[in-house]
Each structure stands twice: as C-alpha cells, then as structure tokens.
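Reviewing the structure listed below.
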Amino acid sequence: MEKQQFINTGNKDTRSGFGAGLSVIGDENPNVVAMCADLTGSLKMDAFAKAHPDRFYQAGIAEANMIGVGAGMALSGKIPFVGSFAAFATGRVYDQIRQSVAYSNTNVKIAASHAGITLGEDGATHQILEDIGLMRMLPNMVVINPCDYNQTKAATIAAAKHVGPVYLRFGRPGVPNFTPEDQVFEIGKALHLIEGTDVTIFATGHLVWEAIQAAEKLAEEGIKAEVINIHTIKPLDEKAVLESAAKTGAVVVAEEHFVAGGLGELISGVLAANKPAPVEYVAIKDKFGQSGTPAALMKAYGLDAENIVAASKRAMARK
C-alpha cells in the first residue's frame, strides 16, 4: 500500500462542498432552484442566493412547508434543493418527505447539513444519528453520504442530474479533503480505495479518512485491509460488498450513525442473504450524543482509526 496515495490537501467542511456544487449547477441549469429554512449561511447557500436571487427562496423556520413547496416546484419542472440541518430536514418533516417527496416520487433534493455527532457543541438535540435509517427506508429515495469537500461538491452535481428524490448528507466541521478535485460522482458505485486480503473496511462519510488511517496502522502489523468508500447508502453497491467480503472473509463497517438503521445493518443483511461473514460495527450503539468538540466526541464515541483497527482484529478472529 502506498501511503502517499491519499493526500490531505487541507481540512475543509463538507457543507462548503455542497455550496460549491450548488453554485456550479445553478450556473449550468436554469431549472435549479434552492430554498433554505433560515440557515442560508450555515448551509453555504449564500453564493447561490447572491448569484441567482430570482431562484432562491427563504422558507424561514418552517421546514414542513419548505418540503411541500419544494415538491410543488418539482412538479412544475424545477429541480429544487431544500436545505436545513439534518435533524430538521428529516426528523421534523418526516411525514412531508414520506408523502410529498418519496411516495409522490418528486424530483426534490434534500440537502442536510450538520449531520451526526460532529455537529459538536450544539448537543444531542441537534446531533441526529438516525437520519440515514429514516431516509433509506423510504421507497424511491437515494441516500448519499460523501466523505470530503471534493466528493460532496461532485455528489451535489450528480444529485441534480438524477431524476427522483435524493437525500444528501454532509457536515459542519473541517475534515481532511483527499479525494480528486476533478472526480465524477457515480451514484450507487462504491469506490475501492485500498486493496486488501485480510479484512474489508466499509466506511462512509467522515469515517472514510479514519478507515484509511486504520488500514495504514494495520499494514504496519502485516495486516492487509481493504478499504471501500460507500458514499451511496441507497442504492447500495451490493456487488462490491459481496465480492470484497468473499475475498477477505471478515468485515468492519464504520459510520457516524446509530448501528440501528445504518450502513452496518444494511451490509449485514446483504451478507446474511447471500454469503455470511463476520461483521463488526464502528458506530454509535443506542445512545444520544452530547455537547463537545467534534474531535472529542468522535473519540468518546469510538469513531476513530484506533477503534477501526480493534474492530478489524475482532472480525478477523471470527473467521
């Protein structure tokens, strides 16, 4: 494994990647519109609002109304991106998403920022850790959880081109930016980052960089870990999951989400139905978050490279 293959070009927040992607598609496609629930600056939608004031709408603190208006815009031929914190963009408006977006299969893109434990100091009430489960259970819904600034920008552009509902999840803190700037994002296609034969680490979102660091630590001990970036939770790249698990015979899933309803349970279900393999979870096990810095919370809840290393060894021992 070549360590220099993954170079952090500087910590950048993924919400800024969304803002950059939104600006690109706003310039390219006059049908793209955007709406925000009084969090324009936090979601980095201000550049789009300034460039296209006739296509930006401020919904105020009325998220349910925002989803309904977005669905109406989609039915009129627009491509709406509706944005808020993930806690408000899913849990607060689940009924509207279920009925007006998923059931109606409208072309609405739900842009959910400040997701997961890394929201940090705002505490448990804002740190939604069940949003992936809520969204992936809905028919017609695509669920995307990119890992860094560059990938979030590319995912936003891809979401605009996809016809149908999309849930796009991203975060608040600066995280390593290491994927290619010129990448083309393919919905539903897992990315093999490191080839290995001893254990597979499936990671999503902020945990992808931690998985890379874990693989490097394992390599120092002679353990060859395969790292796969699952940026699209739904549709899941089942072929990539099954082929890698068959090769290594041991699996770790790392995610900034509850175990319940998350990527780990999804992958476990795929393996159980096709070719079972031992699976270890690096995720949050049935407890709410708390106030703290993102880095301190990631460590406190075991969402780091050290815990991925430990989980990899447990999975290998169960072969």
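Identifiers in the structure tokens: chain A, B, ... in order shown; residue index from 1 per chain; ligand index from 1 in order shown.
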
Using only C-alpha atoms, tabulate the residues of segment 197-227 of chain A lying at most 12 Å from any atom of segment 10-13 of chain A, each with its closest atom pair and that distance in Å to one decimal, by chain and increasing residue number, as CSV.
residue,atom,partner,partner_atom,distance
A:Gly205,CA,A:Asp13,CA,11.7
A:His206,CA,A:Asp13,CA,10.3
A:Trp209,CA,A:Asn11,CA,11.4

Take the selection from the previous step and output its residues with N, CA and C atoms, as an mmCIF file, in the first residue's frame.
data_model
loop_
_atom_site.group_PDB
_atom_site.id
_atom_site.type_symbol
_atom_site.label_atom_id
_atom_site.label_comp_id
_atom_site.auth_asym_id
_atom_site.auth_seq_id
_atom_site.Cartn_x
_atom_site.Cartn_y
_atom_site.Cartn_z
ATOM 1 N N GLY A 205 -18.933 8.607 4.741
ATOM 2 C CA GLY A 205 -18.851 9.931 5.342
ATOM 3 C C GLY A 205 -17.506 10.225 5.978
ATOM 4 N N HIS A 206 -17.554 10.868 7.140
ATOM 5 C CA HIS A 206 -16.325 11.268 7.832
ATOM 6 C C HIS A 206 -15.448 10.086 8.246
ATOM 7 N N TRP A 209 -11.889 8.675 5.968
ATOM 8 C CA TRP A 209 -10.499 9.054 6.265
ATOM 9 C C TRP A 209 -9.970 8.252 7.443
#

* Asked: Any idea what's packed within 8 Å of Val279 of chain A, counting only C-alpha atoms, ignoring anything in its chain fewer than 4 positions away? Could you give it as JSON, numbers by chain?
  -> {"A": [250, 251, 252, 253, 268, 315]}

Written file, previous selection with C-alpha atoms, as a tab-separated table (two decimals), in the first residue's frame:
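What ended up in again-v4.tsv:
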chain	number	residue	atom	x	y	z
A	250	ALA	CA	-14.12	-10.52	7.56
A	251	VAL	CA	-15.92	-7.17	7.57
A	252	VAL	CA	-15.91	-3.90	9.51
A	253	VAL	CA	-18.43	-1.15	8.86
A	268	SER	CA	-25.11	-7.36	7.32
A	315	ALA	CA	-13.59	-9.56	12.79

At most 8 Å is the cut-off: for each residue in segment 17-125 of chain A with any atom that close to an atom of segment 155-169 of chain A, write down the nearest atom pair and the distance in Å rounded to one decimal, counting only C-alpha atoms, chain first then increasing number, as a tab-separated table.
residue	atom	partner	partner_atom	distance
A:Phe18	CA	A:Thr156	CA	6.0
A:Gly21	CA	A:Thr156	CA	5.3
A:Leu22	CA	A:Thr156	CA	6.5
A:Val24	CA	A:Ile157	CA	7.4
A:Ile25	CA	A:Ile157	CA	6.1
A:Val32	CA	A:Ala160	CA	7.7
A:Ile79	CA	A:Ala160	CA	6.9
A:Ala86	CA	A:Arg169	CA	7.3
A:Val101	CA	A:Pro165	CA	6.5
A:Ala102	CA	A:Pro165	CA	6.4
A:Asn105	CA	A:Gly164	CA	6.0
A:Thr106	CA	A:Gly164	CA	5.8
A:Asn107	CA	A:Gly164	CA	4.2
A:Val108	CA	A:Pro165	CA	5.0
A:Lys109	CA	A:Val166	CA	4.8
A:Ile110	CA	A:Tyr167	CA	4.9
A:Ala111	CA	A:Leu168	CA	5.1
A:Ala112	CA	A:Arg169	CA	4.9
A:Ser113	CA	A:Arg169	CA	6.2
A:Ala115	CA	A:Arg169	CA	6.6

Output N, CA and C atoms for every residue in the selection just made, as a compact mmCIF listing (two decimals), in the first residue's frame.
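The resulting out.txt:
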# COMPACT_ATOMS: atom_id res chain seq x y z
N PHE A 18 -20.94 21.29 -0.64
CA PHE A 18 -22.31 21.39 -1.14
C PHE A 18 -22.56 22.77 -1.75
N GLY A 21 -20.89 23.01 -5.12
CA GLY A 21 -21.61 22.22 -6.12
C GLY A 21 -22.91 22.88 -6.53
N LEU A 22 -23.61 23.46 -5.55
CA LEU A 22 -24.87 24.14 -5.85
C LEU A 22 -24.65 25.33 -6.77
N VAL A 24 -22.27 25.59 -9.00
CA VAL A 24 -21.96 25.07 -10.34
C VAL A 24 -23.24 24.72 -11.09
N ILE A 25 -24.11 23.96 -10.45
CA ILE A 25 -25.33 23.53 -11.15
C ILE A 25 -26.30 24.69 -11.33
N VAL A 32 -32.63 24.76 -11.83
CA VAL A 32 -32.23 24.52 -10.44
C VAL A 32 -32.66 25.70 -9.59
N ILE A 79 -35.89 21.90 -10.39
CA ILE A 79 -35.06 20.95 -9.64
C ILE A 79 -34.73 21.62 -8.31
N ALA A 86 -29.62 18.53 9.37
CA ALA A 86 -30.14 17.18 9.15
C ALA A 86 -31.23 16.81 10.16
N VAL A 101 -42.67 13.72 -1.14
CA VAL A 101 -41.43 13.51 -1.89
C VAL A 101 -41.25 12.04 -2.28
N ALA A 102 -41.18 11.14 -1.30
CA ALA A 102 -40.90 9.74 -1.61
C ALA A 102 -42.09 9.04 -2.27
N ASN A 105 -42.79 10.50 -5.47
CA ASN A 105 -41.61 10.37 -6.34
C ASN A 105 -41.30 11.68 -7.07
N THR A 106 -41.27 12.76 -6.28
CA THR A 106 -40.98 14.07 -6.85
C THR A 106 -39.47 14.33 -6.85
N ASN A 107 -39.05 15.17 -7.76
CA ASN A 107 -37.62 15.39 -8.01
C ASN A 107 -37.04 16.42 -7.04
N VAL A 108 -37.15 16.13 -5.74
CA VAL A 108 -36.69 17.03 -4.69
C VAL A 108 -35.36 16.54 -4.14
N LYS A 109 -34.41 17.45 -3.94
CA LYS A 109 -33.11 17.13 -3.36
C LYS A 109 -33.06 17.72 -1.95
N ILE A 110 -32.97 16.86 -0.95
CA ILE A 110 -32.94 17.29 0.44
C ILE A 110 -31.49 17.43 0.87
N ALA A 111 -31.06 18.66 1.10
CA ALA A 111 -29.68 18.95 1.47
C ALA A 111 -29.60 19.08 2.99
N ALA A 112 -28.97 18.11 3.63
CA ALA A 112 -28.97 18.01 5.09
C ALA A 112 -27.58 18.22 5.65
N SER A 113 -27.37 19.37 6.26
CA SER A 113 -26.07 19.71 6.83
C SER A 113 -26.03 19.43 8.33
N ALA A 115 -24.92 17.01 10.06
CA ALA A 115 -25.37 15.66 10.42
C ALA A 115 -24.39 15.00 11.39

* Pick out the residues sitting within 8 Å of segment 175-192 of chain A, and hand them over as a VMD selection string; count only C-alpha atoms, and ignore anything fewer than 3 positions along from it in its own chain. => chain A and resid 6 to 14 144 148 to 151 154 to 155 158 195 206 209 226 to 237 240

* Mind the document's chain letters and residue numbers, and return as a ChimeraX atom specification the residues of segment 44-187 of chain A that DSSP labels alpha helix (DSSP H). => /A:46-51,63-75,86,94-96,131-136,149-161

Selection from above, C-alpha atoms, as a PDB file, in the first residue's frame, can you write it?
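The file below, part-v4.pdb, is the result:
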ATOM      1  CA  ASP A  46     -25.428  32.230   0.150  1.00  0.00           C
ATOM      2  CA  ALA A  47     -23.310  32.199  -3.035  1.00  0.00           C
ATOM      3  CA  PHE A  48     -26.194  30.667  -4.982  1.00  0.00           C
ATOM      4  CA  ALA A  49     -28.630  33.159  -3.417  1.00  0.00           C
ATOM      5  CA  LYS A  50     -26.429  36.088  -4.438  1.00  0.00           C
ATOM      6  CA  ALA A  51     -25.853  34.821  -7.984  1.00  0.00           C
ATOM      7  CA  GLU A  63     -39.324  23.118   7.368  1.00  0.00           C
ATOM      8  CA  ALA A  64     -42.538  21.187   6.708  1.00  0.00           C
ATOM      9  CA  ASN A  65     -43.781  23.969   4.467  1.00  0.00           C
ATOM     10  CA  MET A  66     -40.404  24.058   2.722  1.00  0.00           C
ATOM     11  CA  ILE A  67     -40.668  20.380   1.779  1.00  0.00           C
ATOM     12  CA  GLY A  68     -44.188  20.854   0.444  1.00  0.00           C
ATOM     13  CA  VAL A  69     -43.215  23.904  -1.606  1.00  0.00           C
ATOM     14  CA  GLY A  70     -40.194  22.017  -2.914  1.00  0.00           C
ATOM     15  CA  ALA A  71     -42.430  19.174  -4.069  1.00  0.00           C
ATOM     16  CA  GLY A  72     -44.681  21.651  -5.844  1.00  0.00           C
ATOM     17  CA  MET A  73     -41.699  23.212  -7.583  1.00  0.00           C
ATOM     18  CA  ALA A  74     -40.547  19.772  -8.715  1.00  0.00           C
ATOM     19  CA  LEU A  75     -43.983  19.044 -10.174  1.00  0.00           C
ATOM     20  CA  ALA A  86     -30.136  17.179   9.152  1.00  0.00           C
ATOM     21  CA  TYR A  94     -40.692  13.029   8.021  1.00  0.00           C
ATOM     22  CA  ASP A  95     -44.388  12.971   7.155  1.00  0.00           C
ATOM     23  CA  GLN A  96     -43.970  15.578   4.430  1.00  0.00           C
ATOM     24  CA  ASP A 131     -31.333  10.087   9.587  1.00  0.00           C
ATOM     25  CA  ILE A 132     -29.778   7.528   7.232  1.00  0.00           C
ATOM     26  CA  GLY A 133     -32.145   4.883   8.583  1.00  0.00           C
ATOM     27  CA  LEU A 134     -35.153   7.173   8.206  1.00  0.00           C
ATOM     28  CA  MET A 135     -34.284   8.054   4.630  1.00  0.00           C
ATOM     29  CA  ARG A 136     -33.107   4.686   3.319  1.00  0.00           C
ATOM     30  CA  TYR A 149     -15.323  18.610   0.335  1.00  0.00           C
ATOM     31  CA  ASN A 150     -14.446  17.458  -3.182  1.00  0.00           C
ATOM     32  CA  GLN A 151     -16.733  14.452  -3.085  1.00  0.00           C
ATOM     33  CA  THR A 152     -19.623  16.478  -1.654  1.00  0.00           C
ATOM     34  CA  LYS A 153     -19.277  19.002  -4.472  1.00  0.00           C
ATOM     35  CA  ALA A 154     -19.295  16.194  -7.049  1.00  0.00           C
ATOM     36  CA  ALA A 155     -22.220  14.447  -5.324  1.00  0.00           C
ATOM     37  CA  THR A 156     -24.279  17.646  -5.394  1.00  0.00           C
ATOM     38  CA  ILE A 157     -23.734  17.959  -9.138  1.00  0.00           C
ATOM     39  CA  ALA A 158     -24.698  14.296  -9.619  1.00  0.00           C
ATOM     40  CA  ALA A 159     -27.813  14.711  -7.466  1.00  0.00           C
ATOM     41  CA  ALA A 160     -29.068  17.486  -9.735  1.00  0.00           C
ATOM     42  CA  LYS A 161     -28.767  15.218 -12.762  1.00  0.00           C
TER      43      LYS A 161
END

* From a DSSP calculation on the backbone, collect every residue of segment 153-199 of chain A in strand (DSSP E or B) and output the set as a PyMOL selection string. => chain A and resi 166-169+174-176+191-194+199

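Going from atom CA of Ala296 of chain A to atom CA of Thr118 of chain A covers 9.1 Å.
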
* To do: Find, counting only C-alpha atoms, the residue in A:Pro80, A:Val208, A:Ala214, A:Pro146 that gets nearest to Gly17 of chain A.
  => A:Pro146

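Each of A:Lys217, A:Lys285, A:Arg318, A:Lys299 was compared to Ala260 of chain A using only C-alpha atoms, and A:Lys285 turns out to be the nearest.
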
* Mind checking which residues fall within 9 Å of Tyr103 of chain A, counting only C-alpha atoms, ignoring those fewer than 3 positions away in the same chain, and posting them as a ChimeraX atom specification? => /A:97-100,106,138-140

* Asked: For the atom pair atom CA of Glu306 of chain A and atom CA of Val259 of chain A, what is the interatomic distance in Å to one decimal place?
  ->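 Separating atom CA of Glu306 of chain A from atom CA of Val259 of chain A is a distance of 18.3 Å.
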
* Structure fact -> What separates atom CA of Met45 of chain A and atom CA of Gly19 of chain A is a distance of 5.4 Å

* Shell of 10 Å around segment 60-62 of chain A, only C-alpha atoms, local chain residues under 2 positions omitted, as a PyMOL selection string -> chain A and resi 35-40+57-58+64-67+84+88+92-93

Store the residues of this selection in a file with N, CA and C atoms, as a tab-separated table (two decimals), in the first residue's frame.
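To be explicit, this is the file written out as out22.tsv:
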chain	number	residue	atom	x	y	z
A	35	MET	N	-33.94	26.49	-1.73
A	35	MET	CA	-34.75	27.02	-0.65
A	35	MET	C	-34.12	26.61	0.66
A	36	CYS	N	-34.13	27.49	1.65
A	36	CYS	CA	-33.49	27.20	2.93
A	36	CYS	C	-34.37	27.62	4.09
A	37	ALA	N	-34.27	26.90	5.20
A	37	ALA	CA	-35.07	27.16	6.39
A	37	ALA	C	-34.29	28.04	7.36
A	38	ASP	N	-34.01	29.26	6.94
A	38	ASP	CA	-33.38	30.27	7.79
A	38	ASP	C	-31.96	29.91	8.21
A	39	LEU	N	-31.25	29.15	7.36
A	39	LEU	CA	-29.89	28.73	7.68
A	39	LEU	C	-28.99	28.87	6.45
A	40	THR	N	-29.22	29.92	5.69
A	40	THR	CA	-28.53	30.09	4.41
A	40	THR	C	-27.01	30.08	4.57
A	57	TYR	N	-35.13	30.97	-2.41
A	57	TYR	CA	-36.29	31.27	-1.58
A	57	TYR	C	-35.96	31.00	-0.11
A	58	GLN	N	-36.34	31.93	0.75
A	58	GLN	CA	-36.12	31.76	2.18
A	58	GLN	C	-37.44	31.30	2.80
A	64	ALA	N	-41.49	22.00	7.33
A	64	ALA	CA	-42.54	21.19	6.71
A	64	ALA	C	-43.10	21.90	5.48
A	65	ASN	N	-43.31	23.18	5.60
A	65	ASN	CA	-43.78	23.97	4.47
A	65	ASN	C	-42.75	23.97	3.35
A	66	MET	N	-41.47	24.05	3.72
A	66	MET	CA	-40.40	24.06	2.72
A	66	MET	C	-40.43	22.79	1.88
A	67	ILE	N	-40.62	21.64	2.52
A	67	ILE	CA	-40.67	20.38	1.78
A	67	ILE	C	-41.86	20.36	0.82
A	84	SER	N	-31.54	22.38	5.23
A	84	SER	CA	-31.61	22.68	6.66
A	84	SER	C	-30.63	21.77	7.38
A	88	PHE	N	-33.48	18.69	11.39
A	88	PHE	CA	-34.73	19.33	11.00
A	88	PHE	C	-35.18	18.88	9.62
A	92	ARG	N	-37.96	16.29	11.76
A	92	ARG	CA	-39.04	17.25	11.94
A	92	ARG	C	-40.07	17.18	10.83
A	93	VAL	N	-39.67	16.72	9.66
A	93	VAL	CA	-40.56	16.79	8.49
A	93	VAL	C	-40.73	15.42	7.83

* 8 Å contact set for Gly262 of chain A, only C-alpha atoms, chain neighbours under 4 positions out, as a ChimeraX atom specification -> /A:130,132-133,255,257-258,266

* Asked: Of the residues A:Ala277, A:Ile223, A:Leu119, A:Leu129, which is the one nearest to Ser42 of chain A, using only C-alpha atoms?
  -> A:Leu119

* Nearest candidate to Phe81 of chain A (options A:Gly41, A:Ala34, A:Pro53, A:Ala211; using only C-alpha atoms) ->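 Nearest to Phe81 of chain A: A:Ala34.
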
With only C-alpha atoms as the counted atoms, please give the residues lying no more than 7 Å from Leu303 of chain A, apart from itself and same-chain residues fewer than 2 positions off, as a PDB file with all heavy atoms, in the first residue's frame.
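Output saved as part_26.pdb:
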ATOM      1  N   VAL A 282     -18.341  -0.159  13.790  1.00  0.00           N
ATOM      2  CA  VAL A 282     -17.792   1.045  14.416  1.00  0.00           C
ATOM      3  C   VAL A 282     -18.843   2.119  14.173  1.00  0.00           C
ATOM      4  O   VAL A 282     -18.900   2.750  13.112  1.00  0.00           O
ATOM      5  CB  VAL A 282     -16.434   1.437  13.815  1.00  0.00           C
ATOM      6  CG1 VAL A 282     -15.944   2.758  14.403  1.00  0.00           C
ATOM      7  CG2 VAL A 282     -15.418   0.334  14.063  1.00  0.00           C
ATOM      8  N   ALA A 283     -19.724   2.257  15.141  1.00  0.00           N
ATOM      9  CA  ALA A 283     -20.862   3.157  15.045  1.00  0.00           C
ATOM     10  C   ALA A 283     -21.339   3.427  16.465  1.00  0.00           C
ATOM     11  O   ALA A 283     -20.772   2.913  17.429  1.00  0.00           O
ATOM     12  CB  ALA A 283     -21.969   2.536  14.196  1.00  0.00           C
ATOM     13  N   MET A 298     -15.889  12.321  18.595  1.00  0.00           N
ATOM     14  CA  MET A 298     -15.515  11.155  17.769  1.00  0.00           C
ATOM     15  C   MET A 298     -14.704  10.166  18.591  1.00  0.00           C
ATOM     16  O   MET A 298     -14.910   8.947  18.501  1.00  0.00           O
ATOM     17  CB  MET A 298     -14.711  11.622  16.557  1.00  0.00           C
ATOM     18  CG  MET A 298     -15.517  12.393  15.535  1.00  0.00           C
ATOM     19  SD  MET A 298     -16.559  11.371  14.475  1.00  0.00           S
ATOM     20  CE  MET A 298     -15.369  10.862  13.237  1.00  0.00           C
ATOM     21  N   LYS A 299     -13.820  10.678  19.421  1.00  0.00           N
ATOM     22  CA  LYS A 299     -13.009   9.804  20.264  1.00  0.00           C
ATOM     23  C   LYS A 299     -13.853   9.172  21.374  1.00  0.00           C
ATOM     24  O   LYS A 299     -13.759   7.964  21.636  1.00  0.00           O
ATOM     25  CB  LYS A 299     -11.853  10.587  20.880  1.00  0.00           C
ATOM     26  CG  LYS A 299     -10.892   9.743  21.719  1.00  0.00           C
ATOM     27  CD  LYS A 299      -9.704  10.557  22.173  1.00  0.00           C
ATOM     28  CE  LYS A 299      -8.729   9.703  22.985  1.00  0.00           C
ATOM     29  NZ  LYS A 299      -8.198   8.573  22.208  1.00  0.00           N
ATOM     30  N   TYR A 301     -16.972   8.482  21.434  1.00  0.00           N
ATOM     31  CA  TYR A 301     -17.936   7.504  20.929  1.00  0.00           C
ATOM     32  C   TYR A 301     -17.281   6.422  20.074  1.00  0.00           C
ATOM     33  O   TYR A 301     -17.962   5.622  19.438  1.00  0.00           O
ATOM     34  CB  TYR A 301     -19.047   8.216  20.155  1.00  0.00           C
ATOM     35  CG  TYR A 301     -20.018   8.942  21.066  1.00  0.00           C
ATOM     36  CD1 TYR A 301     -19.730  10.206  21.558  1.00  0.00           C
ATOM     37  CD2 TYR A 301     -21.209   8.342  21.464  1.00  0.00           C
ATOM     38  CE1 TYR A 301     -20.604  10.869  22.411  1.00  0.00           C
ATOM     39  CE2 TYR A 301     -22.089   9.004  22.311  1.00  0.00           C
ATOM     40  CZ  TYR A 301     -21.782  10.259  22.777  1.00  0.00           C
ATOM     41  OH  TYR A 301     -22.657  10.903  23.632  1.00  0.00           O
ATOM     42  N   ASN A 307     -10.261   2.529  16.914  1.00  0.00           N
ATOM     43  CA  ASN A 307     -11.375   1.596  17.094  1.00  0.00           C
ATOM     44  C   ASN A 307     -11.634   0.770  15.839  1.00  0.00           C
ATOM     45  O   ASN A 307     -12.086  -0.377  15.937  1.00  0.00           O
ATOM     46  CB  ASN A 307     -12.631   2.368  17.495  1.00  0.00           C
ATOM     47  CG  ASN A 307     -12.652   2.679  18.982  1.00  0.00           C
ATOM     48  OD1 ASN A 307     -13.027   1.849  19.799  1.00  0.00           O
ATOM     49  ND2 ASN A 307     -12.236   3.890  19.333  1.00  0.00           N
TER      50      ASN A 307
END
